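As provided, protein-v6.pdb (PDB, C-alpha atoms, pLDDT in the B column) reads as follows.
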```
ATOM      1  CA  GLY A   1       3.685 -20.287  -0.469  1.00 73.00           C
ATOM      2  CA  ALA A   2       1.336 -17.667   0.894  1.00 84.00           C
ATOM      3  CA  VAL A   3      -2.258 -18.492   0.087  1.00 91.00           C
ATOM      4  CA  VAL A   4      -5.373 -16.379   0.395  1.00 94.00           C
ATOM      5  CA  SER A   5      -8.643 -18.258   0.365  1.00 96.00           C
ATOM      6  CA  GLN A   6     -11.784 -16.402  -0.668  1.00 97.00           C
ATOM      7  CA  HIS A   7     -15.373 -17.610  -0.374  1.00 97.00           C
ATOM      8  CA  PRO A   8     -17.788 -17.895  -1.953  1.00 97.00           C
ATOM      9  CA  SER A   9     -16.505 -18.005  -5.513  1.00 96.00           C
ATOM     10  CA  ARG A  10     -19.929 -17.235  -6.925  1.00 96.00           C
ATOM     11  CA  VAL A  11     -23.095 -15.891  -5.380  1.00 97.00           C
ATOM     12  CA  ILE A  12     -26.440 -14.869  -6.765  1.00 97.00           C
ATOM     13  CA  CYS A  13     -28.661 -12.828  -4.497  1.00 96.00           C
ATOM     14  CA  LYS A  14     -31.891 -10.938  -4.697  1.00 97.00           C
ATOM     15  CA  SER A  15     -31.940  -7.182  -4.828  1.00 97.00           C
ATOM     16  CA  GLY A  16     -32.138  -5.710  -1.349  1.00 97.00           C
ATOM     17  CA  THR A  17     -30.393  -8.553   0.435  1.00 97.00           C
ATOM     18  CA  SER A  18     -26.895  -8.573   1.895  1.00 97.00           C
ATOM     19  CA  VAL A  19     -23.987 -10.766   0.924  1.00 98.00           C
ATOM     20  CA  LYS A  20     -20.884 -11.551   2.940  1.00 98.00           C
ATOM     21  CA  ILE A  21     -17.582 -12.440   1.306  1.00 98.00           C
ATOM     22  CA  GLU A  22     -14.761 -13.952   3.350  1.00 97.00           C
ATOM     23  CA  CYS A  23     -11.069 -13.722   2.757  1.00 96.00           C
ATOM     24  CA  ARG A  24      -8.645 -15.834   4.789  1.00 95.00           C
ATOM     25  CA  SER A  25      -4.879 -15.973   4.826  1.00 93.00           C
ATOM     26  CA  LEU A  26      -4.108 -19.649   5.222  1.00 93.00           C
ATOM     27  CA  ASP A  27      -0.444 -19.858   6.087  1.00 88.00           C
ATOM     28  CA  PHE A  28       0.513 -16.374   7.108  1.00 88.00           C
ATOM     29  CA  GLN A  29      -0.818 -13.504   9.160  1.00 88.00           C
ATOM     30  CA  ALA A  30      -2.199 -10.562   7.278  1.00 87.00           C
ATOM     31  CA  THR A  31      -2.487  -7.409   9.344  1.00 84.00           C
ATOM     32  CA  THR A  32      -3.633  -5.633   6.213  1.00 89.00           C
ATOM     33  CA  MET A  33      -5.872  -6.902   3.471  1.00 93.00           C
ATOM     34  CA  PHE A  34      -7.189  -5.088   0.446  1.00 95.00           C
ATOM     35  CA  TRP A  35     -10.498  -5.326  -1.343  1.00 96.00           C
ATOM     36  CA  TYR A  36     -10.799  -4.699  -5.065  1.00 96.00           C
ATOM     37  CA  ARG A  37     -13.624  -4.649  -7.545  1.00 96.00           C
ATOM     38  CA  GLN A  38     -13.242  -5.643 -11.172  1.00 93.00           C
ATOM     39  CA  PHE A  39     -15.723  -5.190 -14.002  1.00 88.00           C
ATOM     40  CA  PRO A  40     -15.577  -7.542 -17.004  1.00 84.00           C
ATOM     41  CA  LYS A  41     -12.409  -7.053 -19.036  1.00 81.00           C
ATOM     42  CA  LYS A  42     -11.530  -4.056 -16.907  1.00 86.00           C
ATOM     43  CA  SER A  43      -8.889  -3.268 -14.362  1.00 91.00           C
ATOM     44  CA  LEU A  44      -9.023  -3.792 -10.620  1.00 93.00           C
ATOM     45  CA  MET A  45     -10.137  -0.827  -8.580  1.00 94.00           C
ATOM     46  CA  LEU A  46      -9.079  -0.604  -4.961  1.00 94.00           C
ATOM     47  CA  MET A  47     -12.141  -0.252  -2.774  1.00 96.00           C
ATOM     48  CA  ALA A  48     -10.725  -0.289   0.716  1.00 95.00           C
ATOM     49  CA  THR A  49      -7.864  -1.256   2.954  1.00 93.00           C
ATOM     50  CA  SER A  50      -8.784  -3.552   5.798  1.00 90.00           C
ATOM     51  CA  ASN A  51      -6.704  -3.277   8.962  1.00 86.00           C
ATOM     52  CA  GLU A  52      -6.841  -5.877  11.683  1.00 86.00           C
ATOM     53  CA  GLY A  53      -8.433  -4.478  14.812  1.00 83.00           C
ATOM     54  CA  SER A  54      -9.292  -1.087  13.375  1.00 85.00           C
ATOM     55  CA  LYS A  55     -11.606   0.581  10.923  1.00 88.00           C
ATOM     56  CA  ALA A  56     -11.136   0.069   7.229  1.00 92.00           C
ATOM     57  CA  THR A  57      -9.885   2.866   5.027  1.00 92.00           C
ATOM     58  CA  TYR A  58     -12.115   3.443   2.028  1.00 95.00           C
ATOM     59  CA  GLU A  59     -11.124   4.885  -1.312  1.00 93.00           C
ATOM     60  CA  GLN A  60     -12.830   7.991  -2.568  1.00 92.00           C
ATOM     61  CA  GLY A  61     -16.256   7.265  -3.970  1.00 93.00           C
ATOM     62  CA  VAL A  62     -16.724   3.960  -2.146  1.00 95.00           C
ATOM     63  CA  GLU A  63     -19.677   3.954   0.248  1.00 94.00           C
ATOM     64  CA  LYS A  64     -18.521   2.599   3.577  1.00 93.00           C
ATOM     65  CA  ASP A  65     -22.072   1.979   4.756  1.00 95.00           C
ATOM     66  CA  LYS A  66     -22.750  -0.126   1.704  1.00 96.00           C
ATOM     67  CA  PHE A  67     -19.537  -2.104   1.700  1.00 97.00           C
ATOM     68  CA  LEU A  68     -18.928  -3.112   5.297  1.00 96.00           C
ATOM     69  CA  ILE A  69     -15.477  -4.445   6.055  1.00 95.00           C
ATOM     70  CA  ASN A  70     -14.512  -6.316   9.175  1.00 92.00           C
ATOM     71  CA  HIS A  71     -11.015  -7.543   9.955  1.00 90.00           C
ATOM     72  CA  ALA A  72     -11.492  -9.277  13.269  1.00 83.00           C
ATOM     73  CA  SER A  73      -8.380 -11.420  13.240  1.00 89.00           C
ATOM     74  CA  LEU A  74      -4.975 -11.620  11.607  1.00 89.00           C
ATOM     75  CA  THR A  75      -6.237 -14.215   9.162  1.00 92.00           C
ATOM     76  CA  LEU A  76      -9.768 -13.128   8.293  1.00 94.00           C
ATOM     77  CA  SER A  77     -11.307 -10.130   6.594  1.00 94.00           C
ATOM     78  CA  THR A  78     -14.907  -9.955   5.443  1.00 96.00           C
ATOM     79  CA  LEU A  79     -16.683  -7.701   2.984  1.00 97.00           C
ATOM     80  CA  THR A  80     -20.440  -7.400   3.291  1.00 97.00           C
ATOM     81  CA  VAL A  81     -22.366  -5.856   0.440  1.00 98.00           C
ATOM     82  CA  THR A  82     -25.471  -4.487   2.114  1.00 97.00           C
ATOM     83  CA  SER A  83     -28.812  -3.939   0.409  1.00 97.00           C
ATOM     84  CA  ALA A  84     -27.362  -5.148  -2.853  1.00 97.00           C
ATOM     85  CA  HIS A  85     -28.591  -3.774  -6.151  1.00 96.00           C
ATOM     86  CA  PRO A  86     -27.950  -4.984  -9.705  1.00 96.00           C
ATOM     87  CA  GLU A  87     -25.288  -2.304 -10.187  1.00 95.00           C
ATOM     88  CA  ASP A  88     -23.305  -3.968  -7.397  1.00 96.00           C
ATOM     89  CA  SER A  89     -22.892  -7.040  -9.579  1.00 96.00           C
ATOM     90  CA  SER A  90     -19.184  -7.422 -10.120  1.00 95.00           C
ATOM     91  CA  PHE A  91     -16.098  -9.469  -9.391  1.00 95.00           C
ATOM     92  CA  TYR A  92     -14.806  -8.768  -5.893  1.00 97.00           C
ATOM     93  CA  ILE A  93     -11.317  -9.850  -4.970  1.00 96.00           C
ATOM     94  CA  CYS A  94      -9.173  -9.554  -1.877  1.00 96.00           C
ATOM     95  CA  SER A  95      -5.438  -9.514  -1.488  1.00 95.00           C
ATOM     96  CA  ALA A  96      -2.793  -9.412   1.184  1.00 92.00           C
ATOM     97  CA  SER A  97       0.861  -8.621   1.303  1.00 83.00           C
ATOM     98  CA  THR A  98       2.975 -11.652   2.029  1.00 76.00           C
ATOM     99  CA  GLY A  99       5.911  -9.592   3.168  1.00 72.00           C
ATOM    100  CA  LEU A 100       8.016 -11.333   0.522  1.00 71.00           C
ATOM    101  CA  GLY A 101       7.313  -8.831  -2.219  1.00 69.00           C
ATOM    102  CA  GLY A 102       4.104  -8.722  -4.158  1.00 79.00           C
ATOM    103  CA  TYR A 103       0.608  -9.409  -3.041  1.00 88.00           C
ATOM    104  CA  THR A 104      -1.318 -12.645  -3.013  1.00 91.00           C
ATOM    105  CA  PHE A 105      -4.836 -12.493  -4.326  1.00 94.00           C
ATOM    106  CA  GLY A 106      -7.838 -14.559  -3.417  1.00 95.00           C
ATOM    107  CA  SER A 107      -9.631 -16.376  -6.196  1.00 94.00           C
ATOM    108  CA  GLY A 108     -12.371 -13.754  -6.283  1.00 95.00           C
ATOM    109  CA  THR A 109     -16.128 -13.718  -5.823  1.00 96.00           C
ATOM    110  CA  ARG A 110     -18.471 -13.160  -8.715  1.00 96.00           C
ATOM    111  CA  LEU A 111     -21.559 -11.447  -7.348  1.00 97.00           C
ATOM    112  CA  THR A 112     -24.731 -11.302  -9.379  1.00 97.00           C
ATOM    113  CA  VAL A 113     -27.649  -9.337  -7.985  1.00 97.00           C
ATOM    114  CA  VAL A 114     -30.985 -10.110  -9.589  1.00 97.00           C
TER     115      VAL A 114
ATOM    116  CA  GLY B 115      -5.622  11.464  -8.414  1.00 68.00           C
ATOM    117  CA  GLN B 116      -2.800   9.023  -8.909  1.00 80.00           C
ATOM    118  CA  GLN B 117      -3.191   6.958 -12.019  1.00 89.00           C
ATOM    119  CA  VAL B 118      -1.196   4.373 -13.861  1.00 95.00           C
ATOM    120  CA  MET B 119      -1.688   4.413 -17.602  1.00 96.00           C
ATOM    121  CA  GLN B 120      -1.047   1.186 -19.490  1.00 97.00           C
ATOM    122  CA  ILE B 121      -0.856   0.569 -23.224  1.00 97.00           C
ATOM    123  CA  PRO B 122      -1.779  -1.088 -25.440  1.00 97.00           C
ATOM    124  CA  GLN B 123      -5.178  -2.307 -24.295  1.00 95.00           C
ATOM    125  CA  TYR B 124      -5.085  -5.252 -26.692  1.00 96.00           C
ATOM    126  CA  GLN B 125      -2.197  -6.875 -28.517  1.00 97.00           C
ATOM    127  CA  HIS B 126      -2.518  -9.582 -31.129  1.00 97.00           C
ATOM    128  CA  VAL B 127       0.676 -11.416 -32.000  1.00 97.00           C
ATOM    129  CA  GLN B 128       1.625 -14.500 -33.913  1.00 97.00           C
ATOM    130  CA  GLU B 129       3.086 -17.242 -31.792  1.00 96.00           C
ATOM    131  CA  GLY B 130       6.819 -16.703 -31.647  1.00 97.00           C
ATOM    132  CA  GLU B 131       6.654 -12.935 -31.962  1.00 98.00           C
ATOM    133  CA  ASP B 132       7.671 -10.609 -29.180  1.00 98.00           C
ATOM    134  CA  PHE B 133       5.273  -8.616 -27.011  1.00 98.00           C
ATOM    135  CA  THR B 134       5.680  -5.475 -24.939  1.00 98.00           C
ATOM    136  CA  THR B 135       3.334  -3.600 -22.635  1.00 98.00           C
ATOM    137  CA  TYR B 136       4.083  -0.201 -21.144  1.00 98.00           C
ATOM    138  CA  CYS B 137       2.991   1.586 -17.998  1.00 98.00           C
ATOM    139  CA  ASN B 138       3.354   5.205 -17.073  1.00 98.00           C
ATOM    140  CA  SER B 139       2.572   7.189 -13.958  1.00 96.00           C
ATOM    141  CA  SER B 140       2.308  10.954 -13.705  1.00 91.00           C
ATOM    142  CA  THR B 141       3.977  10.867 -10.291  1.00 93.00           C
ATOM    143  CA  THR B 142       6.874   8.917  -8.865  1.00 95.00           C
ATOM    144  CA  LEU B 143       6.147   5.397  -7.734  1.00 95.00           C
ATOM    145  CA  SER B 144       7.544   3.737  -4.663  1.00 93.00           C
ATOM    146  CA  ASN B 145       7.580   0.464  -6.511  1.00 92.00           C
ATOM    147  CA  ILE B 146       5.771  -1.247  -9.331  1.00 95.00           C
ATOM    148  CA  GLN B 147       4.507  -4.792  -9.608  1.00 95.00           C
ATOM    149  CA  TRP B 148       3.384  -6.889 -12.519  1.00 97.00           C
ATOM    150  CA  TYR B 149       0.564  -9.406 -12.513  1.00 96.00           C
ATOM    151  CA  LYS B 150      -0.877 -11.877 -14.999  1.00 97.00           C
ATOM    152  CA  GLN B 151      -4.549 -12.735 -15.029  1.00 95.00           C
ATOM    153  CA  ARG B 152      -5.960 -15.564 -17.087  1.00 94.00           C
ATOM    154  CA  PRO B 153      -9.597 -15.388 -18.227  1.00 88.00           C
ATOM    155  CA  GLY B 154     -11.835 -16.209 -15.293  1.00 85.00           C
ATOM    156  CA  GLY B 155      -8.895 -16.244 -12.916  1.00 90.00           C
ATOM    157  CA  HIS B 156      -7.339 -13.949 -10.384  1.00 91.00           C
ATOM    158  CA  PRO B 157      -4.174 -11.868 -10.697  1.00 93.00           C
ATOM    159  CA  VAL B 158      -0.989 -13.785 -10.110  1.00 93.00           C
ATOM    160  CA  PHE B 159       2.078 -11.931  -8.950  1.00 92.00           C
ATOM    161  CA  LEU B 160       4.971 -11.939 -11.404  1.00 95.00           C
ATOM    162  CA  ILE B 161       7.519  -9.510 -10.064  1.00 95.00           C
ATOM    163  CA  GLN B 162       8.200  -6.359  -8.078  1.00 94.00           C
ATOM    164  CA  LEU B 163      10.573  -3.594  -9.134  1.00 96.00           C
ATOM    165  CA  VAL B 164      11.821  -1.154  -6.532  1.00 94.00           C
ATOM    166  CA  LYS B 165      15.028   0.487  -7.676  1.00 96.00           C
ATOM    167  CA  SER B 166      15.404   3.217 -10.244  1.00 97.00           C
ATOM    168  CA  GLY B 167      16.483   1.758 -13.586  1.00 97.00           C
ATOM    169  CA  GLU B 168      16.012  -1.795 -12.355  1.00 97.00           C
ATOM    170  CA  VAL B 169      15.855  -4.605 -14.898  1.00 98.00           C
ATOM    171  CA  LYS B 170      14.772  -8.106 -13.977  1.00 98.00           C
ATOM    172  CA  LYS B 171      14.386 -11.208 -16.090  1.00 98.00           C
ATOM    173  CA  GLN B 172      12.294 -14.312 -15.698  1.00 96.00           C
ATOM    174  CA  LYS B 173      13.054 -16.702 -18.546  1.00 97.00           C
ATOM    175  CA  ARG B 174      11.459 -15.025 -21.586  1.00 98.00           C
ATOM    176  CA  LEU B 175      10.075 -12.083 -19.582  1.00 98.00           C
ATOM    177  CA  THR B 176      12.042  -8.882 -19.063  1.00 98.00           C
ATOM    178  CA  PHE B 177      10.810  -6.199 -16.693  1.00 98.00           C
ATOM    179  CA  GLN B 178      12.144  -2.662 -16.548  1.00 98.00           C
ATOM    180  CA  PHE B 179      11.629   0.231 -14.150  1.00 98.00           C
ATOM    181  CA  GLY B 180      12.453   3.684 -15.451  1.00 97.00           C
ATOM    182  CA  GLU B 181      15.135   5.904 -14.038  1.00 97.00           C
ATOM    183  CA  ALA B 182      12.565   8.365 -12.748  1.00 96.00           C
ATOM    184  CA  LYS B 183      10.442   5.530 -11.294  1.00 97.00           C
ATOM    185  CA  LYS B 184       7.485   6.711 -13.297  1.00 97.00           C
ATOM    186  CA  ASN B 185       7.370   4.142 -16.055  1.00 97.00           C
ATOM    187  CA  SER B 186       7.814   0.441 -16.508  1.00 98.00           C
ATOM    188  CA  SER B 187       7.629  -2.162 -19.213  1.00 98.00           C
ATOM    189  CA  LEU B 188       7.198  -5.886 -19.611  1.00 98.00           C
ATOM    190  CA  HIS B 189       8.686  -7.569 -22.652  1.00 98.00           C
ATOM    191  CA  ILE B 190       8.046 -11.166 -23.610  1.00 98.00           C
ATOM    192  CA  THR B 191      10.368 -12.751 -26.122  1.00 98.00           C
ATOM    193  CA  ALA B 192       9.086 -15.396 -28.541  1.00 98.00           C
ATOM    194  CA  THR B 193       5.565 -15.640 -27.198  1.00 98.00           C
ATOM    195  CA  GLN B 194       3.939 -19.005 -26.602  1.00 96.00           C
ATOM    196  CA  THR B 195       0.266 -19.909 -26.340  1.00 95.00           C
ATOM    197  CA  THR B 196       0.696 -20.256 -22.589  1.00 95.00           C
ATOM    198  CA  ASP B 197       1.441 -16.536 -22.409  1.00 97.00           C
ATOM    199  CA  VAL B 198      -2.184 -15.690 -23.216  1.00 96.00           C
ATOM    200  CA  GLY B 199      -3.828 -13.533 -20.580  1.00 96.00           C
ATOM    201  CA  THR B 200      -4.045 -10.002 -19.320  1.00 96.00           C
ATOM    202  CA  TYR B 201      -0.932  -8.374 -17.962  1.00 98.00           C
ATOM    203  CA  PHE B 202      -1.393  -5.675 -15.375  1.00 97.00           C
ATOM    204  CA  CYS B 203       1.084  -3.302 -13.913  1.00 97.00           C
ATOM    205  CA  ALA B 204       0.267  -2.077 -10.428  1.00 95.00           C
ATOM    206  CA  GLY B 205       2.000   0.755  -8.676  1.00 94.00           C
ATOM    207  CA  ILE B 206       2.465   1.690  -5.089  1.00 91.00           C
ATOM    208  CA  TYR B 207       2.838   5.329  -4.195  1.00 90.00           C
ATOM    209  CA  GLY B 208       3.417   4.854  -0.499  1.00 73.00           C
ATOM    210  CA  HIS B 209       5.998   3.062   1.581  1.00 52.00           C
ATOM    211  CA  SER B 210       8.268   0.726  -0.306  1.00 39.00           C
ATOM    212  CA  GLY B 211       7.269  -2.867   0.256  1.00 44.00           C
ATOM    213  CA  GLY B 212       5.654  -2.030   3.531  1.00 44.00           C
ATOM    214  CA  GLY B 213       2.577  -4.031   2.747  1.00 47.00           C
ATOM    215  CA  ALA B 214       0.289  -1.298   3.982  1.00 63.00           C
ATOM    216  CA  ASP B 215      -0.518   0.302   0.653  1.00 81.00           C
ATOM    217  CA  GLY B 216      -3.095  -0.722  -1.884  1.00 87.00           C
ATOM    218  CA  LEU B 217      -2.173  -1.161  -5.496  1.00 91.00           C
ATOM    219  CA  THR B 218      -3.106   1.234  -8.265  1.00 93.00           C
ATOM    220  CA  PHE B 219      -3.619  -0.965 -11.289  1.00 95.00           C
ATOM    221  CA  GLY B 220      -3.132  -0.075 -14.890  1.00 96.00           C
ATOM    222  CA  LYS B 221      -5.984  -1.013 -17.218  1.00 95.00           C
ATOM    223  CA  GLY B 222      -4.115  -4.091 -18.377  1.00 96.00           C
ATOM    224  CA  THR B 223      -2.995  -5.363 -21.739  1.00 97.00           C
ATOM    225  CA  HIS B 224      -4.876  -8.325 -23.157  1.00 96.00           C
ATOM    226  CA  LEU B 225      -2.421 -10.532 -25.010  1.00 97.00           C
ATOM    227  CA  ILE B 226      -3.972 -12.627 -27.760  1.00 96.00           C
ATOM    228  CA  ILE B 227      -1.747 -15.136 -29.514  1.00 95.00           C
ATOM    229  CA  GLN B 228      -2.535 -16.590 -32.897  1.00 89.00           C
ATOM    230  CA  PRO B 229      -0.960 -19.983 -33.574  1.00 82.00           C
TER     231      PRO B 229
END
```
Take the structure I supplied and represent it as C-alpha cells, if you would.
Amino acid sequence: GAVVSQHPSRVICKSGTSVKIECRSLDFQATTMFWYRQFPKKSLMLMATSNEGSKATYEQGVEKDKFLINHASLTLSTLTVTSAHPEDSSFYICSASTGLGGYTFGSGTRLTVV
Amino acid sequence: GQQVMQIPQYQHVQEGEDFTTYCNSSTTLSNIQWYKQRPGGHPVFLIQLVKSGEVKKQKRLTFQFGEAKKNSSLHITATQTTDVGTYFCAGIYGHSGGGADGLTFGKGTHLIIQP
C-alpha cells in the first residue's frame, strides 16, 4: 500500500538552530502533501499544504518564514523549522493523499528544542 | 473558521462494552474520514464517508455520515483491548476526494478499556 516515510523520527536541537524534516512518498507520487503539528494528547492542526513545484499554502497563524516548506519533486517534501525556539517543540507529521480514499501519514517527527 | 467538534474527549469502558464517538461540523462537509492513533504512533486511516446518510461497517466498527453531511459517528461493538487508542474524525470542506485539501481534525476521543 501507499507508504509515506518521514525522517527523522526524533530530533533534539539547540535554540536558534534550524531543523529539516523530510517526508517521502515511497510507492506513489504525491503532488500534494500536508504538514500537521500535534501537541501531546491534542489534535492535529494543519500547518500548510505543500504543492509540488509551487509555493506552499499556509494556514492562518502559521509563520511561513519560520516553517519553510519545499516540495521539489513528486515524492519529497521538506519542512524546515528555522531559528527554533522551545515553543516550537512538538510532534510534526506529514501526510499525502493516495488517491484511493483517505490520507497516508508519515510516522512523525518529535522535535525538542532546548 | 471551520471546525469539527468531537465528543467525548475521554471514554472509559469495560472490555466487551460498546463505544461511540461523535463529530459535528457547523458547516457542510465534502467528506469525513476517521483515523485511529495509538499512543506514540501516527494516525492510521480507517474509512472515508462521502455520501449523505452513508453507513459503512468494518467488522465491529460502524461509521455513519449524517443526512446533512454535518455530523458523523463511529460505533464500536463489544470493545477489545486492541481497540485502545485515540479516534479522530477529520473533515474536508473542499473538493470531494480530490486530494488537494487538508484535513480539519476533531480533538479526538481517547478510548480507555478496562479488562
Rank nothing, just name the residue among A:Thr80, A:Thr112, A:Thr98, A:Gln60 nearest to B:Gln116, using only C-alpha atoms.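 Under the stated criterion, the closest residue is A:Gln60.
Here the PyMOL selection byres ((chain B) within 9 of (chain A)) catches exactly these residues: Gln147, Trp148, Pro153, Gly155, His156, Pro157, Val158, Phe159, Leu160, Ile161, Gln162, Thr200, Phe202, Gly211, Gly212, Gly213, Ala214, Asp215, Gly216, Leu217, Thr218, Phe219, Gly220, Lys221, Gly222 and His224 of chain B.
With all atoms listed in the file as the atoms that count, the residue of A:Ala84, A:Val114, A:Val11, A:Leu74 with the shortest distance to A:Phe28 is A:Leu74.
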As a PyMOL selection string, please: the residues near B:Gly130 (cut-off 12 Å, only C-alpha atoms, same-chain neighbours under 4 positions excluded). chain B and resi 126+174+190-197+227-229
Which is closest to A:Leu68 among A:Leu111, A:Ala2, A:Leu26, A:Val19, if we use only C-alpha atoms?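 Answer, going by the shortest atom-to-atom distance: A:Val19.
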Considering all atoms listed in the file, return as an MDAnalysis selection string whatever protein or nucleic-acid residues lie within 6 Å of A:Leu79, sequence-local ones (same chain, fewer than 5 positions apart) excluded. chainID A and resid 20:21 68:69
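One finds atom CA of B:Asn138 at 5.6 Å from atom CA of B:Val118.
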What do you get, as number ranges by chain, if you spell out every residue that the PyMOL selection byres ((chain B and resi 169) around 10) selects here? B: 163-168, 170-171, 176-180, 186-188
One number please: atom CA of A:Lys64 to atom CA of A:Gln29, in Å, one decimal.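 Distance reported for this atom pair: 24.6 Å.
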Coordinates-based distance that separates atom CA of B:Thr135 from atom CA of B:Cys203 (Å, one decimal):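 Straight-line distance from atom CA of B:Cys203 to atom CA of B:Thr135 works out to 9.0 Å.
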